[in-house]
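So the structure is just underneath, and the comments pick up after that.
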Amino acid sequence: MTWRVVLVVLAVGQVVSPVLVTALGGGEFTTSDRAGEPAIVPAGYAFSIWGLVEALCLAYAVWALVTRTPGQQVRDRLARPLSVVFAGFTLWLVAAEVEPVWSTVAVFVVMVTALLKALSTALRHAADIARWHRAPRVLLWSMLGVYTGWSSVAIWVNLTTALAESGAPVDGPVGVAWALVAVVVAAAQAGQPVPAVIAAVASVCVGAATALFRLRRPALS
């Protein structure tokens with residue numbers, strides 16, 4: 001019961017913290033399409049998915065607290081890593097205002113780790129979850145899927161921004177190649193060979209085109 005109460009409180013915190021942090025700190029780092037963002041950062045509208053994430057989290061947390069459906073132990077076990085995730089979201093907003101270069105990356109690493117723990121827990125108890133009513137089952141899997149999916153992108157966006165703030169190139173052949181190499185690594189780690197190969201080929205093409213241009217530039221001048 002304690003963990004599920006904490007989960008509700010932290011889910012509410014996810015909803016109200018963006019408003020509070022923006023009001024107190026200005027929200028410059030979390031402003032969509034701000035000047036100086038690396039080109040690899042998604043367009044501003046993509047971040048509206050956080051509204052869906054927050055709604056799913058709050059709905060699940062409230063249901064997990066008040067329901068009498070069998071499976072209380074499963075919900076307690078899920079509440080622990082999910083509490084870390086929900087708290088991490090609020091901490092990320094604070095970190096974005098206080099020290100947005102590398103602290104946000106560290107927070108997202110913890111959040112993704114906790115999300116993977118929650119997913120692992122849910123999968124281990126899939127048979128028990130299957131006994132829940134249809135609505136909460138859909139709610140749980142949707143929350144875990146959307147949150148983990150977007151966070152797996154957001155962690156790279158935060159890393160990209162941190163590298164750019166630290167002086168890494170964000171345009172030109174070097175910047176493009178750096179982004180493509182990161183895609184290769186991410187896709188390979190996710191066990192997706194097709195996008196990994198495509199990105200690798202694209203990276204080679206960028207390198208070859210750059211080398212060819214530099215070789216031809218004296219002749220063209």
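Each chain in the structure tokens gets a letter, A, B and so on, in the order shown; residues start at 1 in every chain, and ligands are counted from 1 in the order they appear.
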Query - Shell of 6 Å around region 59-73 of chain A, only C-alpha atoms, local chain residues under 5 positions omitted, as a VMD selection string - result: chain A and resid 4 7 to 8
Dump all heavy atoms for the selected residues as a compact mmCIF listing (two decimals), in the first residue's frame?
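The file below, selection_39.txt, is the result:
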# COMPACT_ATOMS: atom_id res chain seq x y z
N ARG A 4 2.24 2.06 -3.41
CA ARG A 4 1.20 2.49 -4.35
C ARG A 4 0.71 3.90 -4.04
O ARG A 4 0.34 4.64 -4.94
CB ARG A 4 0.04 1.48 -4.33
CG ARG A 4 0.38 0.20 -5.12
CD ARG A 4 -0.74 -0.79 -5.09
NE ARG A 4 -0.76 -1.51 -3.82
CZ ARG A 4 -1.88 -1.85 -3.17
NH1 ARG A 4 -3.06 -1.52 -3.67
NH2 ARG A 4 -1.82 -2.51 -2.03
N LEU A 7 3.34 6.09 -5.43
CA LEU A 7 3.22 6.13 -6.89
C LEU A 7 2.19 7.17 -7.33
O LEU A 7 2.42 7.90 -8.30
CB LEU A 7 2.84 4.75 -7.42
CG LEU A 7 2.98 4.54 -8.93
CD1 LEU A 7 4.44 4.65 -9.36
CD2 LEU A 7 2.41 3.19 -9.34
N VAL A 8 1.06 7.24 -6.63
CA VAL A 8 0.03 8.23 -6.96
C VAL A 8 0.57 9.64 -6.77
O VAL A 8 0.38 10.52 -7.63
CB VAL A 8 -1.24 8.01 -6.12
CG1 VAL A 8 -2.22 9.17 -6.32
CG2 VAL A 8 -1.90 6.70 -6.48
Query raised in the report: So which one's closest to Ala154 (chain A), A:Ala122, A:Ala200, A:Ala114, A:Val105? Using only C-alpha atoms, please.
Result: A:Val105
Query raised in the report: Pick the closest to Val101 (chain A) from A:Cys205, A:Ala11, A:Val197, A:Leu163: which is it, counting only C-alpha atoms?
Result: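 The shortest atom-to-atom distance to Val101 (chain A) comes from A:Leu163.
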Query raised in the report: So which one's closest to Ser83 (chain A), A:Trp132, A:Leu116, A:Leu10, A:Gly149? Using only C-alpha atoms, please.
Result: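 Among the listed residues, the smallest separation from Ser83 (chain A) belongs to A:Leu10.
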Query raised in the report: Closest to Trp3 (chain A) among A:Ala162, A:Ala79, A:Val21, A:Ile49, using only C-alpha atoms?
Result: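 When distances to Trp3 (chain A) are compared using only C-alpha atoms, the smallest one comes from A:Ala79.
Closest approach to Pro18 (chain A) among A:Phe108, A:Trp141, A:Phe89, A:Tyr147 is made by A:Phe89 (distances from only C-alpha atoms).
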Query raised in the report: In Å to one decimal, how far is CA of Ala23 (chain A) from CA of Val112 (chain A)?
Result: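 Distance reported for this atom pair: 27.0 Å.
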Query - Point-to-point distance in Å for CA of Leu56 (chain A) and CA of Ser17 (chain A) - result: 16.1 Å
Query raised in the report: What's the 10 Å shell around Val15 (chain A), counting only C-alpha atoms, without same-chain residues fewer than 2 positions away, as a ChimeraX atom specification?
Result: /A:10-13,17-20,50-51,53-55,57-58,86,89-90
Print the selection's residues with N, CA, C and O atoms to a file, as a PDB file, in the first residue's frame.
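The new file selection-v4.pdb reads:
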ATOM      1  N   LEU A  10       3.663  10.682  -6.849  1.00  0.00           N
ATOM      2  CA  LEU A  10       4.668  10.990  -7.869  1.00  0.00           C
ATOM      3  C   LEU A  10       4.033  11.138  -9.259  1.00  0.00           C
ATOM      4  O   LEU A  10       4.521  11.916 -10.083  1.00  0.00           O
ATOM      5  N   ALA A  11       2.948  10.410  -9.515  1.00  0.00           N
ATOM      6  CA  ALA A  11       2.237  10.562 -10.789  1.00  0.00           C
ATOM      7  C   ALA A  11       1.604  11.941 -10.886  1.00  0.00           C
ATOM      8  O   ALA A  11       1.626  12.580 -11.946  1.00  0.00           O
ATOM      9  N   VAL A  12       1.041  12.415  -9.773  1.00  0.00           N
ATOM     10  CA  VAL A  12       0.513  13.781  -9.741  1.00  0.00           C
ATOM     11  C   VAL A  12       1.658  14.772  -9.931  1.00  0.00           C
ATOM     12  O   VAL A  12       1.519  15.789 -10.625  1.00  0.00           O
ATOM     13  N   GLY A  13       2.811  14.462  -9.331  1.00  0.00           N
ATOM     14  CA  GLY A  13       3.980  15.327  -9.496  1.00  0.00           C
ATOM     15  C   GLY A  13       4.411  15.459 -10.936  1.00  0.00           C
ATOM     16  O   GLY A  13       4.837  16.539 -11.373  1.00  0.00           O
ATOM     17  N   SER A  17       4.539  19.244 -12.163  1.00  0.00           N
ATOM     18  CA  SER A  17       5.916  19.749 -12.135  1.00  0.00           C
ATOM     19  C   SER A  17       6.303  20.560 -13.368  1.00  0.00           C
ATOM     20  O   SER A  17       7.040  21.558 -13.226  1.00  0.00           O
ATOM     21  N   PRO A  18       5.854  20.222 -14.594  1.00  0.00           N
ATOM     22  CA  PRO A  18       6.226  21.065 -15.732  1.00  0.00           C
ATOM     23  C   PRO A  18       5.755  22.509 -15.577  1.00  0.00           C
ATOM     24  O   PRO A  18       6.485  23.449 -15.919  1.00  0.00           O
ATOM     25  N   VAL A  19       4.546  22.685 -15.040  1.00  0.00           N
ATOM     26  CA  VAL A  19       4.012  24.035 -14.843  1.00  0.00           C
ATOM     27  C   VAL A  19       4.812  24.769 -13.778  1.00  0.00           C
ATOM     28  O   VAL A  19       5.199  25.928 -13.955  1.00  0.00           O
ATOM     29  N   LEU A  20       5.092  24.091 -12.668  1.00  0.00           N
ATOM     30  CA  LEU A  20       5.811  24.732 -11.563  1.00  0.00           C
ATOM     31  C   LEU A  20       7.241  25.068 -11.944  1.00  0.00           C
ATOM     32  O   LEU A  20       7.734  26.173 -11.666  1.00  0.00           O
ATOM     33  N   TRP A  50       4.400  13.671 -24.073  1.00  0.00           N
ATOM     34  CA  TRP A  50       4.524  13.636 -22.619  1.00  0.00           C
ATOM     35  C   TRP A  50       3.154  13.784 -21.948  1.00  0.00           C
ATOM     36  O   TRP A  50       2.925  13.248 -20.857  1.00  0.00           O
ATOM     37  N   GLY A  51       2.234  14.511 -22.588  1.00  0.00           N
ATOM     38  CA  GLY A  51       0.890  14.631 -22.032  1.00  0.00           C
ATOM     39  C   GLY A  51       0.207  13.281 -21.941  1.00  0.00           C
ATOM     40  O   GLY A  51      -0.443  12.957 -20.931  1.00  0.00           O
ATOM     41  N   VAL A  53       1.786  10.366 -21.833  1.00  0.00           N
ATOM     42  CA  VAL A  53       2.526   9.588 -20.833  1.00  0.00           C
ATOM     43  C   VAL A  53       2.046   9.928 -19.428  1.00  0.00           C
ATOM     44  O   VAL A  53       1.763   9.032 -18.608  1.00  0.00           O
ATOM     45  N   GLU A  54       1.935  11.215 -19.131  1.00  0.00           N
ATOM     46  CA  GLU A  54       1.505  11.642 -17.798  1.00  0.00           C
ATOM     47  C   GLU A  54       0.090  11.153 -17.485  1.00  0.00           C
ATOM     48  O   GLU A  54      -0.194  10.714 -16.357  1.00  0.00           O
ATOM     49  N   ALA A  55      -0.802  11.218 -18.474  1.00  0.00           N
ATOM     50  CA  ALA A  55      -2.188  10.774 -18.264  1.00  0.00           C
ATOM     51  C   ALA A  55      -2.254   9.275 -17.999  1.00  0.00           C
ATOM     52  O   ALA A  55      -2.971   8.814 -17.093  1.00  0.00           O
ATOM     53  N   CYS A  57       0.145   7.370 -16.804  1.00  0.00           N
ATOM     54  CA  CYS A  57       0.763   7.093 -15.504  1.00  0.00           C
ATOM     55  C   CYS A  57      -0.192   7.405 -14.357  1.00  0.00           C
ATOM     56  O   CYS A  57      -0.324   6.612 -13.413  1.00  0.00           O
ATOM     57  N   LEU A  58      -0.858   8.543 -14.437  1.00  0.00           N
ATOM     58  CA  LEU A  58      -1.772   8.933 -13.367  1.00  0.00           C
ATOM     59  C   LEU A  58      -2.960   7.978 -13.292  1.00  0.00           C
ATOM     60  O   LEU A  58      -3.362   7.550 -12.194  1.00  0.00           O
ATOM     61  N   PHE A  86       8.840   7.929 -12.179  1.00  0.00           N
ATOM     62  CA  PHE A  86       8.017   9.135 -12.025  1.00  0.00           C
ATOM     63  C   PHE A  86       8.804  10.237 -11.306  1.00  0.00           C
ATOM     64  O   PHE A  86       8.726  11.406 -11.690  1.00  0.00           O
ATOM     65  N   PHE A  89      11.291  11.845 -13.663  1.00  0.00           N
ATOM     66  CA  PHE A  89      10.752  12.824 -14.598  1.00  0.00           C
ATOM     67  C   PHE A  89      10.780  14.227 -14.006  1.00  0.00           C
ATOM     68  O   PHE A  89      11.228  15.181 -14.643  1.00  0.00           O
ATOM     69  N   THR A  90      10.320  14.345 -12.769  1.00  0.00           N
ATOM     70  CA  THR A  90      10.332  15.650 -12.101  1.00  0.00           C
ATOM     71  C   THR A  90      11.760  16.127 -11.869  1.00  0.00           C
ATOM     72  O   THR A  90      12.076  17.302 -12.073  1.00  0.00           O
TER      73      THR A  90
END
Query raised in the report: Between CA of Leu78 (chain A) and CA of Ala118 (chain A), what is the distance, to one decimal in Å?
Result: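 Rounded to one decimal, the two atoms are 5.7 Å apart.
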**Report entry** helix (DSSP H, G or I) positions in region 126-168 of chain A, given as a ChimeraX atom specification
**Finding:** /A:126-129,134-165
